[in-house]
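> Take a look at query.pdb, PDB, C-alpha atoms:
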ATOM      1  CA  MET Z   1       3.110 -46.305  -2.814
ATOM      2  CA  SER Z   2       2.857 -49.714  -4.383
ATOM      3  CA  ASP Z   3       3.833 -52.847  -2.462
ATOM      4  CA  GLU Z   4       6.251 -53.858  -5.209
ATOM      5  CA  LYS Z   5       9.871 -53.951  -4.182
ATOM      6  CA  ILE Z   6      12.013 -51.276  -5.803
ATOM      7  CA  ALA Z   7      14.584 -52.860  -8.065
ATOM      8  CA  ASP Z   8      18.105 -52.583  -6.667
ATOM      9  CA  LYS Z   9      19.280 -50.699  -9.751
ATOM     10  CA  ASP Z  10      16.515 -48.117  -9.237
ATOM     11  CA  LEU Z  11      16.844 -47.840  -5.455
ATOM     12  CA  ALA Z  12      20.141 -45.922  -5.627
ATOM     13  CA  LYS Z  13      18.772 -43.495  -8.238
ATOM     14  CA  ILE Z  14      15.529 -42.910  -6.329
ATOM     15  CA  THR Z  15      17.538 -42.339  -3.146
ATOM     16  CA  GLU Z  16      19.642 -39.776  -5.023
ATOM     17  CA  ILE Z  17      16.465 -38.006  -6.152
ATOM     18  CA  MET Z  18      15.290 -37.891  -2.538
ATOM     19  CA  GLU Z  19      18.608 -36.409  -1.470
ATOM     20  CA  LEU Z  20      18.465 -33.904  -4.321
ATOM     21  CA  LEU Z  21      15.076 -32.783  -2.988
ATOM     22  CA  PHE Z  22      16.652 -32.201   0.439
ATOM     23  CA  PHE Z  23      19.576 -30.239  -1.014
ATOM     24  CA  ALA Z  24      17.379 -28.278  -3.417
ATOM     25  CA  TYR Z  25      14.984 -27.333  -0.609
ATOM     26  CA  ARG Z  26      17.899 -26.310   1.630
ATOM     27  CA  ASP Z  27      19.212 -23.931  -1.005
ATOM     28  CA  PHE Z  28      15.772 -22.827  -2.237
ATOM     29  CA  ILE Z  29      14.864 -21.613   1.253
ATOM     30  CA  SER Z  30      18.287 -20.207   2.227
ATOM     31  CA  ASP Z  31      17.860 -16.757   0.658
ATOM     32  CA  PRO Z  32      14.392 -16.172   2.150
ATOM     33  CA  ASP Z  33      15.691 -17.413   5.530
ATOM     34  CA  GLU Z  34      18.266 -14.594   5.520
ATOM     35  CA  ILE Z  35      15.573 -12.036   4.670
ATOM     36  CA  LEU Z  36      13.201 -13.399   7.318
ATOM     37  CA  ASP Z  37      15.950 -13.279   9.917
ATOM     38  CA  ARG Z  38      16.239  -9.507   9.459
ATOM     39  CA  TYR Z  39      12.590  -9.225  10.547
ATOM     40  CA  GLY Z  40      12.900 -11.771  13.350
ATOM     41  CA  PHE Z  41      10.616 -14.108  11.376
ATOM     42  CA  GLY Z  42      10.850 -17.798  10.548
ATOM     43  CA  ARG Z  43       9.597 -20.195   7.913
ATOM     44  CA  ALA Z  44       6.064 -20.254   9.321
ATOM     45  CA  HIS Z  45       5.882 -16.492   8.694
ATOM     46  CA  HIS Z  46       7.136 -17.092   5.151
ATOM     47  CA  ARG Z  47       4.465 -19.695   4.389
ATOM     48  CA  ILE Z  48       1.706 -17.425   5.682
ATOM     49  CA  ILE Z  49       3.002 -14.414   3.730
ATOM     50  CA  HIS Z  50       3.257 -16.563   0.602
ATOM     51  CA  PHE Z  51      -0.220 -18.080   0.671
ATOM     52  CA  VAL Z  52      -1.992 -14.927   1.844
ATOM     53  CA  GLY Z  53      -0.175 -13.006  -0.887
ATOM     54  CA  ARG Z  54      -1.131 -15.544  -3.555
ATOM     55  CA  HIS Z  55      -4.732 -15.829  -2.319
ATOM     56  CA  PRO Z  56      -5.888 -12.423  -1.071
ATOM     57  CA  GLY Z  57      -9.007 -12.689   1.059
ATOM     58  CA  ILE Z  58      -8.181 -16.283   2.001
ATOM     59  CA  ARG Z  59     -10.149 -17.623   4.954
ATOM     60  CA  VAL Z  60      -8.215 -18.554   8.070
ATOM     61  CA  ALA Z  61      -9.775 -22.040   7.860
ATOM     62  CA  GLU Z  62      -8.462 -22.477   4.308
ATOM     63  CA  LEU Z  63      -4.986 -21.352   5.350
ATOM     64  CA  LEU Z  64      -5.056 -23.901   8.174
ATOM     65  CA  ASP Z  65      -5.981 -26.578   5.650
ATOM     66  CA  ILE Z  66      -3.171 -25.592   3.248
ATOM     67  CA  LEU Z  67      -0.479 -25.387   5.909
ATOM     68  CA  ARG Z  68      -1.716 -28.378   7.924
ATOM     69  CA  ILE Z  69      -0.812 -26.747  11.203
ATOM     70  CA  THR Z  70      -2.789 -26.261  14.390
ATOM     71  CA  LYS Z  71      -4.972 -23.255  14.985
ATOM     72  CA  GLN Z  72      -2.734 -22.375  17.926
ATOM     73  CA  SER Z  73       0.427 -22.435  15.785
ATOM     74  CA  LEU Z  74      -1.176 -20.326  13.080
ATOM     75  CA  GLY Z  75      -2.654 -17.929  15.627
ATOM     76  CA  ARG Z  76       0.672 -17.092  17.229
ATOM     77  CA  VAL Z  77       2.474 -16.377  13.951
ATOM     78  CA  LEU Z  78      -0.508 -14.662  12.330
ATOM     79  CA  LYS Z  79      -0.946 -12.347  15.331
ATOM     80  CA  GLU Z  80       2.681 -11.293  15.004
ATOM     81  CA  LEU Z  81       2.267 -10.574  11.279
ATOM     82  CA  ILE Z  82      -0.902  -8.568  11.964
ATOM     83  CA  ASP Z  83       0.634  -6.656  14.890
ATOM     84  CA  LYS Z  84       3.695  -5.759  12.795
ATOM     85  CA  GLY Z  85       1.550  -4.506   9.920
ATOM     86  CA  PHE Z  86       2.181  -7.186   7.276
ATOM     87  CA  VAL Z  87      -1.250  -8.860   7.271
ATOM     88  CA  VAL Z  88      -4.742  -7.488   7.772
ATOM     89  CA  GLN Z  89      -7.675  -9.586   8.969
ATOM     90  CA  LYS Z  90     -11.279  -8.653   8.154
ATOM     91  CA  GLU Z  91     -14.664 -10.196   8.808
ATOM     92  CA  GLY Z  92     -16.411 -11.795   5.864
ATOM     93  CA  GLU Z  93     -19.161  -9.704   4.277
ATOM     94  CA  GLN Z  94     -21.713 -12.537   4.031
ATOM     95  CA  ASP Z  95     -20.561 -14.448   7.107
ATOM     96  CA  ARG Z  96     -19.081 -12.281   9.828
ATOM     97  CA  ARG Z  97     -17.659 -15.369  11.556
ATOM     98  CA  ARG Z  98     -15.226 -15.862   8.679
ATOM     99  CA  ARG Z  99     -11.860 -14.209   9.065
ATOM    100  CA  LEU Z 100     -10.378 -13.141   5.733
ATOM    101  CA  LEU Z 101      -6.685 -12.373   5.350
ATOM    102  CA  SER Z 102      -4.843 -10.055   2.984
ATOM    103  CA  LEU Z 103      -1.414  -8.487   2.884
ATOM    104  CA  THR Z 104      -0.812  -4.839   3.609
ATOM    105  CA  GLU Z 105       1.502  -2.863   1.316
ATOM    106  CA  ALA Z 106       4.356  -3.734   3.707
ATOM    107  CA  GLY Z 107       3.288  -7.371   3.452
ATOM    108  CA  CYS Z 108       3.330  -7.139  -0.349
ATOM    109  CA  GLU Z 109       6.827  -5.680  -0.272
ATOM    110  CA  LEU Z 110       8.014  -8.521   1.952
ATOM    111  CA  HIS Z 111       6.234 -11.070  -0.257
ATOM    112  CA  ARG Z 112       8.011  -9.742  -3.363
ATOM    113  CA  GLU Z 113      11.350  -9.619  -1.535
ATOM    114  CA  LEU Z 114      10.986 -13.244  -0.397
ATOM    115  CA  MET Z 115       9.881 -14.483  -3.815
ATOM    116  CA  ALA Z 116      12.574 -12.710  -5.852
ATOM    117  CA  PRO Z 117      15.524 -15.002  -5.073
ATOM    118  CA  GLN Z 118      13.358 -18.109  -5.328
ATOM    119  CA  LEU Z 119      11.952 -17.058  -8.692
ATOM    120  CA  ALA Z 120      15.470 -16.350  -9.912
ATOM    121  CA  ARG Z 121      16.728 -19.731  -8.666
ATOM    122  CA  VAL Z 122      13.901 -21.688 -10.318
ATOM    123  CA  GLN Z 123      14.132 -19.701 -13.555
ATOM    124  CA  ALA Z 124      17.913 -20.233 -13.727
ATOM    125  CA  ALA Z 125      17.490 -23.978 -13.125
ATOM    126  CA  LEU Z 126      14.827 -24.225 -15.837
ATOM    127  CA  GLU Z 127      17.018 -22.318 -18.287
ATOM    128  CA  GLN Z 128      20.139 -24.318 -17.399
ATOM    129  CA  THR Z 129      18.378 -27.641 -17.920
ATOM    130  CA  GLY Z 130      16.164 -26.547 -20.802
ATOM    131  CA  ALA Z 131      13.250 -28.079 -18.912
ATOM    132  CA  GLY Z 132      10.770 -25.246 -19.435
ATOM    133  CA  VAL Z 133       7.954 -24.344 -17.067
ATOM    134  CA  ASP Z 134       5.691 -27.187 -18.219
ATOM    135  CA  GLY Z 135       8.307 -29.954 -18.090
ATOM    136  CA  LEU Z 136       8.095 -33.423 -16.614
ATOM    137  CA  HIS Z 137       9.590 -32.160 -13.324
ATOM    138  CA  ARG Z 138       6.321 -30.320 -12.646
ATOM    139  CA  ASP Z 139       4.335 -33.515 -13.163
ATOM    140  CA  VAL Z 140       6.662 -35.439 -10.845
ATOM    141  CA  LEU Z 141       6.349 -32.847  -8.077
ATOM    142  CA  PHE Z 142       2.565 -32.745  -8.472
ATOM    143  CA  ALA Z 143       2.392 -36.560  -8.355
ATOM    144  CA  MET Z 144       4.265 -36.490  -5.026
ATOM    145  CA  ILE Z 145       1.314 -34.682  -3.440
ATOM    146  CA  ASP Z 146      -1.096 -37.014  -1.626
ATOM    147  CA  ASN Z 147      -3.776 -38.293  -4.022
ATOM    148  CA  ASP Z 148      -6.604 -36.926  -1.914
ATOM    149  CA  ASP Z 149      -5.115 -33.406  -1.964
ATOM    150  CA  ARG Z 150      -4.251 -33.027  -5.661
ATOM    151  CA  ASP Z 151      -7.620 -31.592  -6.707
ATOM    152  CA  HIS Z 152      -7.390 -29.056  -3.893
ATOM    153  CA  VAL Z 153      -3.877 -28.020  -4.914
ATOM    154  CA  ALA Z 154      -4.883 -27.774  -8.580
ATOM    155  CA  ALA Z 155      -7.817 -25.574  -7.566
ATOM    156  CA  LEU Z 156      -5.477 -23.349  -5.554
ATOM    157  CA  PHE Z 157      -3.273 -22.901  -8.626
ATOM    158  CA  SER Z 158      -6.247 -21.901 -10.764
ATOM    159  CA  GLN Z 159      -7.536 -19.458  -8.128
ATOM    160  CA  ALA Z 160      -4.212 -17.786  -7.362
ATOM    161  CA  SER Z 161      -4.169 -14.072  -8.131
ATOM    162  CA  SER Z 162      -1.505 -12.290  -6.173
ATOM    163  CA  GLN Z 163      -2.561  -8.925  -4.836
ATOM    164  CA  CYS Z 164       1.107  -7.953  -4.880
ATOM    165  CA  GLU Z 165       1.983  -8.407  -8.546
ATOM    166  CA  ASN Z 166       2.727  -5.406 -10.724
ATOM    167  CA  LYS Z 167       3.272  -3.065  -7.774
ATOM    168  CA  SER Z 168       7.079  -2.996  -7.854
TER     169      SER Z 168
END
Would you mind writing the structure in this file as structure tokens?

Amino acid sequence: MSDEKIADKDLAKITEIMELLFFAYRDFISDPDEILDRYGFGRAHHRIIHFVGRHPGIRVAELLDILRITKQSLGRVLKELIDKGFVVQKEGEQDRRRRLLSLTEAGCELHRELMAPQLARVQAALEQTGAGVDGLHRDVLFAMIDNDDRDHVAALFSQASSQCENKS
């Protein structure tokens, strides 16, 4: 962030935007939290299900990089998802040291169930505001990502190809 002082007139509005992000996130995650609770899962499970579902065959190392968590934290949650039949882990074909992750059919069902209320919430907000999917809000959210990670995130968007789509 720049060293320039935020003008007093803007400070209150920027603070409101920050608070809106907190409230929006609280409500955005509330429906999936209820679903996860039925499985005895938490938000870490949700993030893994989401990114493995959006990037089938993702390497464990890449997932660690996306989530920015420790190997130990990922290992505990990932083991539970594998043991309960939601995620499958395979060795890489070219490099057997690589561990590649994909969702099982049960994992795909959970992925779709978790995404449904969030998709509905975002779609309703876009329709209510008339913002559209390519609106300025998208640019603002993208600009909030650390500069050194934006290319990586953009690449993830372009590579995403959910293994779970069109199986409802």
> Using the chain letters and residue numbers of this document, give as a PyMOL selection string the residues selected by the PyMOL selection byres ((chain Z and resi 43) around 12).
chain Z and resi 29-37+39-42+44-50+67+74+77+114
> I would like the residues chosen by the PyMOL selection byres ((chain Z and resi 161) around 9) on the shown file; could you give them as a ChimeraX atom specification?
/Z:53-56,157-160,162-165
> One decimal, Å: what's the distance from CA of Ile82 (chain Z) over to CA of Arg112 (chain Z), could you say?
17.8 Å
> Axis-aligned box over every listed atom of region 12-27 of chain Z, padded by 3 Å per side: centre and edges in Å to one decimal, as JSON?

{"center_x": 17.6, "center_y": -34.9, "center_z": -3.3, "size_x": 11.2, "size_y": 28.0, "size_z": 15.9}
> Name all residues at most 12 Å from Gln89 (chain Z) (count all atoms listed in the file; drop same-chain ones fewer than 2 positions away) and give them as an MDAnalysis selection string.
chainID Z and resid 52 56:60 75 78:79 81:83 85:87 91:92 96:104
> If you measure from CA of Glu62 (chain Z) to CA of Asp146 (chain Z), what distance in Å do you get, rounded to one decimal?
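Computing the Euclidean distance for CA of Glu62 (chain Z) and CA of Asp146 (chain Z) yields 17.3 Å.
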> One decimal, in Å: what's the spacing between CA of Ile14 (chain Z) and CA of Ile145 (chain Z)?
16.7 Å
> Atoms are missing here; could region 8-37 of chain Z be completed with N, CA and C atoms and written as a compact mmCIF listing (two decimals), in the coordinates of the input?

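Wrote it out as out-v7.txt, contents follow:
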# COMPACT_ATOMS: atom_id res chain seq x y z
N ASP Z 8 16.84 -53.07 -7.22
CA ASP Z 8 18.10 -52.58 -6.67
C ASP Z 8 18.73 -51.51 -7.53
N LYS Z 9 18.67 -51.68 -8.84
CA LYS Z 9 19.28 -50.70 -9.75
C LYS Z 9 18.57 -49.35 -9.67
N ASP Z 10 17.28 -49.36 -9.34
CA ASP Z 10 16.52 -48.12 -9.24
C ASP Z 10 16.61 -47.50 -7.85
N LEU Z 11 16.82 -48.32 -6.83
CA LEU Z 11 16.84 -47.84 -5.46
C LEU Z 11 17.88 -46.73 -5.26
N ALA Z 12 19.08 -46.93 -5.78
CA ALA Z 12 20.14 -45.92 -5.63
C ALA Z 12 19.74 -44.62 -6.31
N LYS Z 13 19.16 -44.70 -7.50
CA LYS Z 13 18.77 -43.50 -8.24
C LYS Z 13 17.61 -42.77 -7.54
N ILE Z 14 16.65 -43.52 -7.04
CA ILE Z 14 15.53 -42.91 -6.33
C ILE Z 14 16.02 -42.26 -5.04
N THR Z 15 16.95 -42.91 -4.36
CA THR Z 15 17.54 -42.34 -3.15
C THR Z 15 18.27 -41.05 -3.47
N GLU Z 16 18.97 -41.01 -4.60
CA GLU Z 16 19.64 -39.78 -5.02
C GLU Z 16 18.63 -38.67 -5.28
N ILE Z 17 17.51 -39.01 -5.90
CA ILE Z 17 16.46 -38.01 -6.15
C ILE Z 17 15.94 -37.45 -4.83
N MET Z 18 15.73 -38.34 -3.86
CA MET Z 18 15.29 -37.89 -2.54
C MET Z 18 16.30 -36.93 -1.93
N GLU Z 19 17.58 -37.28 -2.02
CA GLU Z 19 18.61 -36.41 -1.47
C GLU Z 19 18.68 -35.10 -2.23
N LEU Z 20 18.50 -35.14 -3.54
CA LEU Z 20 18.46 -33.90 -4.32
C LEU Z 20 17.33 -32.99 -3.86
N LEU Z 21 16.18 -33.58 -3.52
CA LEU Z 21 15.08 -32.78 -2.99
C LEU Z 21 15.49 -32.09 -1.69
N PHE Z 22 16.18 -32.81 -0.81
CA PHE Z 22 16.65 -32.20 0.44
C PHE Z 22 17.61 -31.04 0.16
N PHE Z 23 18.60 -31.29 -0.71
CA PHE Z 23 19.58 -30.24 -1.01
C PHE Z 23 18.93 -29.06 -1.74
N ALA Z 24 18.05 -29.35 -2.68
CA ALA Z 24 17.38 -28.28 -3.42
C ALA Z 24 16.53 -27.44 -2.47
N TYR Z 25 15.80 -28.08 -1.57
CA TYR Z 25 14.98 -27.33 -0.61
C TYR Z 25 15.88 -26.48 0.30
N ARG Z 26 16.98 -27.06 0.77
CA ARG Z 26 17.90 -26.31 1.63
C ARG Z 26 18.33 -25.01 0.96
N ASP Z 27 18.73 -25.11 -0.31
CA ASP Z 27 19.21 -23.93 -1.00
C ASP Z 27 18.08 -23.02 -1.46
N PHE Z 28 16.95 -23.60 -1.82
CA PHE Z 28 15.77 -22.83 -2.24
C PHE Z 28 15.28 -21.91 -1.12
N ILE Z 29 15.39 -22.37 0.11
CA ILE Z 29 14.86 -21.61 1.25
C ILE Z 29 15.93 -20.74 1.92
N SER Z 30 17.21 -20.92 1.54
CA SER Z 30 18.29 -20.21 2.23
C SER Z 30 18.22 -18.69 2.06
N ASP Z 31 17.94 -18.21 0.86
CA ASP Z 31 17.86 -16.76 0.66
C ASP Z 31 16.69 -16.15 1.43
N PRO Z 32 15.48 -16.71 1.34
CA PRO Z 32 14.39 -16.17 2.15
C PRO Z 32 14.67 -16.26 3.65
N ASP Z 33 15.36 -17.31 4.11
CA ASP Z 33 15.69 -17.41 5.53
C ASP Z 33 16.50 -16.20 5.99
N GLU Z 34 17.46 -15.77 5.17
CA GLU Z 34 18.27 -14.59 5.52
C GLU Z 34 17.40 -13.34 5.60
N ILE Z 35 16.48 -13.19 4.67
CA ILE Z 35 15.57 -12.04 4.67
C ILE Z 35 14.68 -12.08 5.90
N LEU Z 36 14.09 -13.23 6.17
CA LEU Z 36 13.20 -13.40 7.32
C LEU Z 36 13.91 -13.10 8.62
N ASP Z 37 15.17 -13.49 8.70
CA ASP Z 37 15.95 -13.28 9.92
C ASP Z 37 16.07 -11.80 10.24
